[in-house]
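Colleague: File target11.pdb follows (PDB, C-alpha atoms and all ligand atoms):
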MODEL        1
ATOM      1  CA  MET A   1      25.679  50.009 159.288  1.00  0.00           C
ATOM      2  CA  THR A   2      25.093  47.428 156.651  1.00  0.00           C
ATOM      3  CA  THR A   3      24.721  48.350 153.009  1.00  0.00           C
ATOM      4  CA  LEU A   4      22.531  45.953 151.107  1.00  0.00           C
ATOM      5  CA  MET A   5      23.083  45.522 147.420  1.00  0.00           C
ATOM      6  CA  SER A   6      19.988  46.714 145.649  1.00  0.00           C
ATOM      7  CA  THR A   7      18.334  44.308 143.306  1.00  0.00           C
ATOM      8  CA  PRO A   8      16.181  45.214 140.331  1.00  0.00           C
ATOM      9  CA  GLU A   9      12.482  44.638 140.096  1.00  0.00           C
ATOM     10  CA  ILE A  10      12.061  41.554 137.914  1.00  0.00           C
ATOM     11  CA  VAL A  11       9.363  41.375 135.272  1.00  0.00           C
ATOM     12  CA  THR A  12       8.895  38.203 133.257  1.00  0.00           C
ATOM     13  CA  VAL A  13       7.722  38.649 129.677  1.00  0.00           C
ATOM     14  CA  ASP A  14       6.675  36.089 127.065  1.00  0.00           C
ATOM     15  CA  GLU A  15       9.101  37.331 124.464  1.00  0.00           C
ATOM     16  CA  LEU A  16      11.656  40.095 124.015  1.00  0.00           C
ATOM     17  CA  THR A  17      11.993  41.544 120.551  1.00  0.00           C
ATOM     18  CA  GLU A  18      15.244  43.379 121.270  1.00  0.00           C
ATOM     19  CA  ARG A  19      18.674  42.250 120.171  1.00  0.00           C
ATOM     20  CA  CYS A  20      21.732  41.853 122.371  1.00  0.00           C
ATOM     21  CA  ASP A  21      23.688  45.111 122.491  1.00  0.00           C
ATOM     22  CA  SER A  22      26.937  43.135 122.617  1.00  0.00           C
ATOM     23  CA  CYS A  23      26.554  40.506 119.905  1.00  0.00           C
ATOM     24  CA  GLY A  24      23.206  40.989 118.135  1.00  0.00           C
ATOM     25  CA  ALA A  25      21.675  37.675 119.216  1.00  0.00           C
ATOM     26  CA  ALA A  26      18.052  37.562 120.362  1.00  0.00           C
ATOM     27  CA  ALA A  27      17.790  39.245 123.756  1.00  0.00           C
ATOM     28  CA  LYS A  28      16.756  37.281 126.840  1.00  0.00           C
ATOM     29  CA  LEU A  29      17.123  40.209 129.225  1.00  0.00           C
ATOM     30  CA  GLU A  30      16.447  43.937 129.079  1.00  0.00           C
ATOM     31  CA  VAL A  31      17.649  46.066 131.984  1.00  0.00           C
ATOM     32  CA  THR A  32      16.839  49.645 132.869  1.00  0.00           C
ATOM     33  CA  LEU A  33      19.930  51.417 134.155  1.00  0.00           C
ATOM     34  CA  PRO A  34      20.448  55.023 135.296  1.00  0.00           C
ATOM     35  CA  THR A  35      22.041  55.654 131.913  1.00  0.00           C
ATOM     36  CA  GLY A  36      19.344  54.003 129.804  1.00  0.00           C
ATOM     37  CA  THR A  37      18.128  50.615 128.687  1.00  0.00           C
ATOM     38  CA  LEU A  38      20.327  47.750 127.556  1.00  0.00           C
ATOM     39  CA  ALA A  39      19.405  44.361 126.111  1.00  0.00           C
ATOM     40  CA  PHE A  40      21.454  41.188 126.348  1.00  0.00           C
ATOM     41  CA  CYS A  41      21.338  37.630 125.048  1.00  0.00           C
ATOM     42  CA  GLY A  42      21.518  34.834 127.630  1.00  0.00           C
ATOM     43  CA  HIS A  43      25.291  34.560 127.346  1.00  0.00           C
ATOM     44  CA  HIS A  44      26.001  38.253 127.857  1.00  0.00           C
ATOM     45  CA  ALA A  45      23.217  38.702 130.432  1.00  0.00           C
ATOM     46  CA  ASN A  46      24.856  36.147 132.692  1.00  0.00           C
ATOM     47  CA  ARG A  47      28.401  37.260 131.958  1.00  0.00           C
ATOM     48  CA  ASN A  48      27.498  40.820 133.023  1.00  0.00           C
ATOM     49  CA  ALA A  49      25.048  39.878 135.788  1.00  0.00           C
ATOM     50  CA  GLY A  50      27.393  40.918 138.589  1.00  0.00           C
ATOM     51  CA  LYS A  51      27.709  44.409 137.130  1.00  0.00           C
ATOM     52  CA  LEU A  52      24.126  44.860 135.941  1.00  0.00           C
ATOM     53  CA  ALA A  53      22.118  43.609 138.911  1.00  0.00           C
ATOM     54  CA  PRO A  54      23.332  46.236 141.429  1.00  0.00           C
ATOM     55  CA  LEU A  55      22.744  49.077 138.938  1.00  0.00           C
ATOM     56  CA  ALA A  56      19.478  48.055 137.318  1.00  0.00           C
ATOM     57  CA  THR A  57      16.165  49.356 138.619  1.00  0.00           C
ATOM     58  CA  LEU A  58      14.107  47.103 136.369  1.00  0.00           C
ATOM     59  CA  ALA A  59      14.899  43.857 134.609  1.00  0.00           C
ATOM     60  CA  ARG A  60      12.647  42.328 131.974  1.00  0.00           C
ATOM     61  CA  VAL A  61      13.453  38.643 131.612  1.00  0.00           C
ATOM     62  CA  GLU A  62      12.131  36.399 128.869  1.00  0.00           C
ATOM     63  CA  LYS A  63      10.049  33.534 130.199  1.00  0.00           C
ATOM     64  CA  GLY A  64      12.137  30.424 130.755  1.00  0.00           C
ATOM     65  CA  PHE A  65      15.438  32.260 131.006  1.00  0.00           C
ATOM     66  CA  GLU A  66      17.141  31.977 134.386  1.00  0.00           C
ATOM     67  CA  TRP A  67      19.197  35.108 134.775  1.00  0.00           C
ATOM     68  CA  ALA A  68      22.161  34.851 137.132  1.00  0.00           C
ATOM     69  CA  GLY A  69      21.413  38.386 138.356  1.00  0.00           C
ATOM     70  CA  ILE A  70      18.225  37.344 140.114  1.00  0.00           C
ATOM     71  CA  ALA A  71      18.888  36.763 143.780  1.00  0.00           C
ATOM     72  CA  GLN A  72      17.674  33.327 144.763  1.00  0.00           C
TER
HETATM   73 ZN    ZN B 101      25.153  38.751 123.375  1.00  0.00          ZN
ENDMDL
END
Would you mind giving the structure from this file in structure tokens?

Modeller:
Amino acid sequence: MTTLMSTPEIVTVDELTERCDSCGAAAKLEVTLPTGTLAFCGHHANRNAGKLAPLATLARVEKGFEWAGIAQ
């Protein structure tokens, strides 16, 4: 039996108004996790992509930002 890694539903938005929960920079990504919602700047979104993508059910990505967590 093969277990596939789940991937979040991706929604592209024009602009995110949130701030990165790690460093306070303008957020490029907001993910909905079982524990709540987290926002990340481009740097932290990609640094944590491997951890976030399998857990997130929904990812809101700012237009123009290529998140490493999106399966190509
Ligand atoms: Zn950050």

Colleague: Using only C-alpha atoms and all ligand atoms, find each residue with an atom at most 10 Å away from ligand ZN 101 (chain B) and format the answer as a PyMOL selection string.

Modeller: chain A and resi 19-28+39-47

Colleague: Measure the distance from CA of Gly50 (chain A) to CA of Gly64 (chain A) in Å and round it to one decimal.

Modeller: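 These atoms are spaced 20.1 Å apart.
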
Colleague: Could you write out as a ChimeraX atom specification the residues that the PyMOL selection byres (((chain A and resi 68) around 7) and not hetatm) matches in the shown file?

Modeller: /A:46,49,66-67,69-70

Colleague: How many Å separate CA of Val13 (chain A) from CA of Phe65 (chain A)?

Modeller: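 CA of Val13 (chain A) sits 10.1 Å away from CA of Phe65 (chain A).
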
Colleague: Just so the selection is clear, what residues does the PyMOL selection byres (((chain A and resi 31) around 7) and not hetatm) cover here, as an MDAnalysis selection string?

Modeller: chainID A and resid 29:30 32:33 37:39 56 58:60

Colleague: Between CA of Glu62 (chain A) and CA of Glu15 (chain A), what is the spacing in Å?

Modeller: 5.4 Å

Colleague: Please, what is the axis-aligned box for every listed atom of region 44-53 of chain A with 5 Å on each side, as centre and edge lengths in Å to one decimal, as AutoDock Vina command-line options?

Modeller:
--center_x 25.3 --center_y 40.5 --center_z 133.4 --size_x 16.3 --size_y 18.7 --size_z 21.1

Colleague: Taking the partial coordinates given, rebuild region 40-63 of chain A to contain N, CA and C atoms; return it as a short mmCIF file (atom, residue, chain, number, x, y, z; two decimals), keeping the file's coordinate frame.

Modeller:
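Just written: selection-v8.cif:
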data_model
loop_
_atom_site.label_atom_id
_atom_site.label_comp_id
_atom_site.auth_asym_id
_atom_site.auth_seq_id
_atom_site.Cartn_x
_atom_site.Cartn_y
_atom_site.Cartn_z
N PHE A 40 20.39 42.18 126.43
CA PHE A 40 21.45 41.19 126.35
C PHE A 40 20.89 39.82 126.01
N CYS A 41 21.66 39.03 125.26
CA CYS A 41 21.34 37.63 125.05
C CYS A 41 21.64 36.88 126.35
N GLY A 42 21.31 35.61 126.42
CA GLY A 42 21.52 34.83 127.63
C GLY A 42 22.98 34.81 128.05
N HIS A 43 23.85 34.63 127.06
CA HIS A 43 25.29 34.56 127.35
C HIS A 43 25.79 35.86 127.97
N HIS A 44 25.49 36.98 127.35
CA HIS A 44 26.00 38.25 127.86
C HIS A 44 25.25 38.71 129.11
N ALA A 45 23.97 38.35 129.23
CA ALA A 45 23.22 38.70 130.43
C ALA A 45 23.86 38.08 131.66
N ASN A 46 24.26 36.82 131.54
CA ASN A 46 24.86 36.15 132.69
C ASN A 46 26.30 36.57 132.90
N ARG A 47 27.01 36.84 131.81
CA ARG A 47 28.40 37.26 131.96
C ARG A 47 28.48 38.62 132.67
N ASN A 48 27.49 39.48 132.44
CA ASN A 48 27.50 40.82 133.02
C ASN A 48 26.59 40.94 134.24
N ALA A 49 26.05 39.83 134.72
CA ALA A 49 25.05 39.88 135.79
C ALA A 49 25.57 40.59 137.03
N GLY A 50 26.83 40.32 137.39
CA GLY A 50 27.39 40.92 138.59
C GLY A 50 27.48 42.43 138.53
N LYS A 51 27.63 42.96 137.30
CA LYS A 51 27.71 44.41 137.13
C LYS A 51 26.32 45.02 136.97
N LEU A 52 25.44 44.30 136.27
CA LEU A 52 24.13 44.86 135.94
C LEU A 52 23.16 44.86 137.12
N ALA A 53 23.13 43.76 137.86
CA ALA A 53 22.12 43.61 138.91
C ALA A 53 22.14 44.74 139.94
N PRO A 54 23.33 45.17 140.42
CA PRO A 54 23.33 46.24 141.43
C PRO A 54 22.91 47.59 140.87
N LEU A 55 23.03 47.77 139.54
CA LEU A 55 22.74 49.08 138.94
C LEU A 55 21.32 49.17 138.41
N ALA A 56 20.77 48.05 137.99
CA ALA A 56 19.48 48.06 137.32
C ALA A 56 18.34 48.35 138.29
N THR A 57 17.37 49.12 137.83
CA THR A 57 16.16 49.36 138.62
C THR A 57 15.06 48.42 138.17
N LEU A 58 15.12 47.99 136.92
CA LEU A 58 14.11 47.10 136.37
C LEU A 58 14.76 46.12 135.42
N ALA A 59 14.39 44.87 135.52
CA ALA A 59 14.90 43.86 134.61
C ALA A 59 13.72 43.12 133.99
N ARG A 60 13.67 43.11 132.67
CA ARG A 60 12.65 42.33 131.97
C ARG A 60 13.32 41.07 131.46
N VAL A 61 12.83 39.93 131.92
CA VAL A 61 13.45 38.64 131.61
C VAL A 61 12.49 37.82 130.77
N GLU A 62 13.00 37.24 129.69
CA GLU A 62 12.13 36.40 128.87
C GLU A 62 11.79 35.13 129.63
N LYS A 63 10.54 34.72 129.49
CA LYS A 63 10.05 33.53 130.20
C LYS A 63 10.94 32.33 129.89
#
